[in-house]
Amino acid sequence: CGIFGIVGHPEASNLTYLGLHALQHRGQESAGIVASDGHSLQAHREMGLVADIFTAPVLEKLPGGAAIGHVRYSTAGGSQLKNAQPLSVEYVGGHMAVAHNGNLVNAQELRTALEADGAIFQSDADTEVVVHFIARSKQPTFEQKAVEALSKVKGAYSILFLTENKLVAVRDPYGFRPLVLGKLKNSWVLASETTALDLIEAEFIRELEAGEMVVIDETGLHSSQPFQPTRLGRCIFEHVYFAKPDSVLFGTSVYETRKELGRQLAKEQPAPGADLVIAVPDSGVPAAIGYAQESGIPYDVGLIRSHYVGRTFIEPQQSIRHFGVKLKLSAVRQVLKGKRVVVVDDSIVRGTTSRKIVKMLKAAGAVEVHLRISSPPTQWPCYYGIDTPSRQELIASSHSVEEIARYVTADTLGYISLDGLGTAVGDRERTTFCTACFSGKYLTGELNNASAPSTE
Ligand code: 5GP
Ligand code: SF4
Ligand code: MG
């Protein structure tokens, strides 16, 4: 998911609209904006894309100097309007709205306990437990209520809260998901990625620290570290795939990191004798360029991506996802005919996309297809906010690299190593990133046994 917030600007909801537009790659199922005029909150949430939802008349109904917004793709909770965010409620303390990126690993158990105590839930979203805990908190200030609520949850949260007169931003102690702070003249901006700041011409100030809480109200910006510190667990897959290449993420350029992944991949998994390197667009492009640079094999465009379909993987239904590959990619015969081709992609999940792509390349005349992947085999599901399928559906959880190569019908298949990935993202000590989907090392320890929660 993607989140955006701004305080102290007369056009808060218009700017939130723009910010969400820049973050659309982080979720395309639903979008929402909640704005505050200092007295009450107005909300609008709908299924679909930001540009389709937020027309001028809709934005006019979201007045005020502060707003938060959310773009969603489902990890916990189904793809339905009731799960669209920001959530907004009225409770004893007034109004609050919440926009959450990440996934809480103990939400189900907390929810069961709350329900047993009479709580009524409006959505399936894991985020709603936080709202309940805030409403029940006896702490005097909103931020203290939020700290108390968040102390009960475990997992990944980059989260924005909006009340009538405050914006509160928090990043979980592992720092799984990104969150950055920016400034636009006299207003403060928060966003999942720097690309949203760039669009609205806000200045990038800094990334929020893992475990940091920032409160912005009429007295200014206040930062604190209210949680028990722990090791960092920034999501390495944000660099591999999820974030937009023009963003600066966890202190480094996503584009440069992806190119470096491609260079490292070329060192570890060369393809001697190949005629050209192509990318699976868009996600494989920077790594393919890096691979070409390092190997000296020319880069060319062998696959064209349609701009009229979204990210196939994010389509929640398997049937749509399946069909999506052909809608999304087409092969350029003139480039591929008679060629030994290296094709670079960022990841293999189920293997269905890769299989279709290899077949497509061969049908277009490629005589050899050497598939190179800029992340290690995806063997474990993510419980921290990336929608990977169950372990059984991950082809690398039960198949060797040779077996996967055979399944996708590639002449050769090579993945970057986990160590190479660590090097490319600049994780020198190998202790500042989460790598669980590749390594099986879940940082929230309770997932390291069979009791892992199920994701939808
Ligand atoms: P597969 O056919 O192997 O299941 O899908 C692999 C493709 O899915 C890659 O091209 C990758 O870019 C794309 N992809 C899209 N979203 C995700 C995601 O959330 N996780 C992973 N691992 N891959 C994704
Ligand atoms: Fe990111 Fe993978 Fe960790 Fe999930 S398990 S947070 S996708 S690195
Ligand atoms: Mg892709």
# chains A, B, ... in the order shown; residues from 1 in each chain; ligands from 1

$ select_by_dssp --residues "range 201-304 of chain A" --states "helix (DSSP H, G or I)" --output "PyMOL selection string"
chain A and resi 236-242+254-268+285-295

$ write_last_selection --atoms "C-alpha atoms" --output "PDB file, in the first residue's frame"
ATOM      1  CA  ILE A 236      14.723  -5.693   0.889  1.00  0.00           C
ATOM      2  CA  PHE A 237      12.015  -6.475  -1.651  1.00  0.00           C
ATOM      3  CA  GLU A 238      11.070  -2.775  -1.788  1.00  0.00           C
ATOM      4  CA  HIS A 239      14.433  -2.286  -3.481  1.00  0.00           C
ATOM      5  CA  VAL A 240      14.053  -5.366  -5.674  1.00  0.00           C
ATOM      6  CA  TYR A 241      10.550  -4.723  -6.945  1.00  0.00           C
ATOM      7  CA  PHE A 242       7.999  -2.759  -4.995  1.00  0.00           C
ATOM      8  CA  VAL A 254      16.097   2.493  -6.070  1.00  0.00           C
ATOM      9  CA  TYR A 255      17.209   2.805  -9.683  1.00  0.00           C
ATOM     10  CA  GLU A 256      20.916   2.641  -8.838  1.00  0.00           C
ATOM     11  CA  THR A 257      20.323  -0.267  -6.483  1.00  0.00           C
ATOM     12  CA  ARG A 258      18.447  -2.221  -9.147  1.00  0.00           C
ATOM     13  CA  LYS A 259      21.210  -1.568 -11.669  1.00  0.00           C
ATOM     14  CA  GLU A 260      23.722  -2.785  -9.100  1.00  0.00           C
ATOM     15  CA  LEU A 261      21.616  -5.922  -8.614  1.00  0.00           C
ATOM     16  CA  GLY A 262      21.915  -6.484 -12.367  1.00  0.00           C
ATOM     17  CA  ARG A 263      25.698  -6.014 -12.282  1.00  0.00           C
ATOM     18  CA  GLN A 264      26.031  -8.402  -9.365  1.00  0.00           C
ATOM     19  CA  LEU A 265      23.776 -10.886 -11.149  1.00  0.00           C
ATOM     20  CA  ALA A 266      25.984 -10.710 -14.264  1.00  0.00           C
ATOM     21  CA  LYS A 267      29.041 -11.492 -12.123  1.00  0.00           C
ATOM     22  CA  GLU A 268      27.390 -14.401 -10.380  1.00  0.00           C
ATOM     23  CA  VAL A 285      14.536  -2.860 -16.710  1.00  0.00           C
ATOM     24  CA  PRO A 286      17.149  -1.337 -14.380  1.00  0.00           C
ATOM     25  CA  ALA A 287      18.605  -4.762 -13.498  1.00  0.00           C
ATOM     26  CA  ALA A 288      18.772  -5.710 -17.190  1.00  0.00           C
ATOM     27  CA  ILE A 289      20.677  -2.493 -17.953  1.00  0.00           C
ATOM     28  CA  GLY A 290      23.097  -3.294 -15.124  1.00  0.00           C
ATOM     29  CA  TYR A 291      23.490  -6.832 -16.416  1.00  0.00           C
ATOM     30  CA  ALA A 292      24.235  -5.570 -19.924  1.00  0.00           C
ATOM     31  CA  GLN A 293      26.775  -3.030 -18.650  1.00  0.00           C
ATOM     32  CA  GLU A 294      28.622  -5.561 -16.533  1.00  0.00           C
ATOM     33  CA  SER A 295      28.602  -8.376 -19.101  1.00  0.00           C
TER      34      SER A 295
END

$ residues_near_ligand --ligand "ligand 1" --cutoff "7 Å" --atoms "only C-alpha atoms and all ligand atoms" --output "list in words"
Tyr241, Phe242, Val280, Ser283, Gly284, Arg311, Thr312, Phe313, Ile314, Asp345, Asp346, Ser347, Ile348, Val349, Arg350, Gly351, Thr352, Thr353, Ser354, Thr378, Ile386, Asp387 and Thr388 of chain A

$ atom_distance --atom1 "CA of Glu393 in chain A" --atom2 "CA of Glu109 in chain A"
25.1 Å

$ residues_near_ligand --ligand "ligand 2" --cutoff "8 Å" --atoms "only C-alpha atoms and all ligand atoms" --output "ChimeraX atom specification"
/A:156,176-177,233-238,380-388,433-438,440,442

$ closest_residue --among "A:Pro173, A:Gly118, A:Gly8, A:Pro281" --to "ligand 3" --atoms "only C-alpha atoms and all ligand atoms"
A:Pro281

$ select_by_dssp --residues "range 257-414 of chain A" --states "strand (DSSP E)" --output "ChimeraX atom specification"
/A:276-279,303-305,329-331,340-345,368-373,412-414

$ write_last_selection --atoms "C-alpha atoms" --output "mmCIF file, in the first residue's frame"
data_model
loop_
_atom_site.group_PDB
_atom_site.id
_atom_site.type_symbol
_atom_site.label_atom_id
_atom_site.label_comp_id
_atom_site.auth_asym_id
_atom_site.auth_seq_id
_atom_site.Cartn_x
_atom_site.Cartn_y
_atom_site.Cartn_z
ATOM 1 C CA LEU A 276 21.574 -9.590 -26.251
ATOM 2 C CA VAL A 277 20.109 -8.727 -22.885
ATOM 3 C CA ILE A 278 16.449 -7.821 -22.598
ATOM 4 C CA ALA A 279 14.277 -6.919 -19.627
ATOM 5 C CA LEU A 303 9.379 -7.125 -24.865
ATOM 6 C CA ILE A 304 6.894 -4.282 -25.016
ATOM 7 C CA ARG A 305 4.689 -3.535 -22.105
ATOM 8 C CA LEU A 329 3.565 -8.060 -22.679
ATOM 9 C CA SER A 330 4.255 -8.621 -26.342
ATOM 10 C CA ALA A 331 7.466 -9.779 -28.038
ATOM 11 C CA ARG A 340 20.450 -16.114 -27.954
ATOM 12 C CA VAL A 341 18.704 -13.955 -25.410
ATOM 13 C CA VAL A 342 19.347 -13.163 -21.751
ATOM 14 C CA VAL A 343 16.075 -12.074 -20.182
ATOM 15 C CA VAL A 344 16.203 -10.346 -16.798
ATOM 16 C CA ASP A 345 13.312 -10.169 -14.341
ATOM 17 C CA GLU A 368 18.071 -19.690 -26.663
ATOM 18 C CA VAL A 369 16.535 -18.076 -23.601
ATOM 19 C CA HIS A 370 18.665 -17.560 -20.501
ATOM 20 C CA LEU A 371 16.545 -16.322 -17.633
ATOM 21 C CA ARG A 372 18.293 -14.258 -14.969
ATOM 22 C CA ILE A 373 16.565 -13.138 -11.764
ATOM 23 C CA THR A 412 19.386 -21.789 -18.310
ATOM 24 C CA LEU A 413 18.172 -20.064 -15.170
ATOM 25 C CA GLY A 414 20.272 -18.130 -12.670
#

$ atom_distance --atom1 "CA of Ile33 in chain A" --atom2 "CA of Ile68 in chain A"
5.7 Å

$ closest_residue --among "A:Leu162, A:Ala119, A:Val325, A:Val358" --to "ligand 3" --atoms "only C-alpha atoms and all ligand atoms"
A:Val325

$ atom_distance --atom1 "CA of Gln334 in chain A" --atom2 "CA of Ala366 in chain A"
10.1 Å

$ residues_around --residues "Ser137 in chain A" --least-positions-apart "6" --cutoff "9 Å" --atoms "only C-alpha atoms" --output "JSON, numbers by chain"
{"A": [144, 145, 146, 148, 149]}

$ closest_residue --among "A:Lys328, A:Arg428, A:Lys337, A:Arg136" --to "ligand 3" --atoms "only C-alpha atoms and all ligand atoms"
A:Lys328

$ closest_residue --among "A:Gln225, A:Gln122, A:Ser88, A:Asn101" --to "Val147 in chain A" --atoms "only C-alpha atoms"
A:Gln225

$ residues_around --residues "Val248 in chain A" --least-positions-apart "2" --cutoff "8 Å" --atoms "only C-alpha atoms" --output "PDB file with N, CA and C atoms, in the first residue's frame"
ATOM      1  N   GLU A 193       6.998   7.161  -0.335  1.00  0.00           N
ATOM      2  CA  GLU A 193       8.212   7.251  -1.148  1.00  0.00           C
ATOM      3  C   GLU A 193       8.479   8.689  -1.572  1.00  0.00           C
ATOM      4  N   THR A 194       9.736   8.970  -1.835  1.00  0.00           N
ATOM      5  CA  THR A 194      10.150  10.320  -2.226  1.00  0.00           C
ATOM      6  C   THR A 194       9.548  10.748  -3.566  1.00  0.00           C
ATOM      7  N   THR A 195       9.172   9.785  -4.403  1.00  0.00           N
ATOM      8  CA  THR A 195       8.580  10.147  -5.694  1.00  0.00           C
ATOM      9  C   THR A 195       7.331  11.016  -5.500  1.00  0.00           C
ATOM     10  N   ASP A 246      12.503   5.873  -9.327  1.00  0.00           N
ATOM     11  CA  ASP A 246      13.028   7.233  -9.114  1.00  0.00           C
ATOM     12  C   ASP A 246      13.045   7.616  -7.632  1.00  0.00           C
ATOM     13  N   PHE A 250      15.328   4.055   1.868  1.00  0.00           N
ATOM     14  CA  PHE A 250      16.273   3.620   2.898  1.00  0.00           C
ATOM     15  C   PHE A 250      17.658   4.218   2.620  1.00  0.00           C
ATOM     16  N   GLY A 251      17.652   5.446   2.125  1.00  0.00           N
ATOM     17  CA  GLY A 251      18.907   6.155   1.937  1.00  0.00           C
ATOM     18  C   GLY A 251      19.608   5.934   0.608  1.00  0.00           C
ATOM     19  N   THR A 252      19.105   5.055  -0.248  1.00  0.00           N
ATOM     20  CA  THR A 252      19.768   4.904  -1.557  1.00  0.00           C
ATOM     21  C   THR A 252      18.753   4.932  -2.692  1.00  0.00           C
ATOM     22  N   SER A 253      19.255   5.264  -3.870  1.00  0.00           N
ATOM     23  CA  SER A 253      18.405   5.332  -5.054  1.00  0.00           C
ATOM     24  C   SER A 253      17.938   3.937  -5.441  1.00  0.00           C
ATOM     25  N   VAL A 254      16.648   3.790  -5.665  1.00  0.00           N
ATOM     26  CA  VAL A 254      16.097   2.493  -6.070  1.00  0.00           C
ATOM     27  C   VAL A 254      16.654   2.109  -7.447  1.00  0.00           C
TER      28      VAL A 254
END
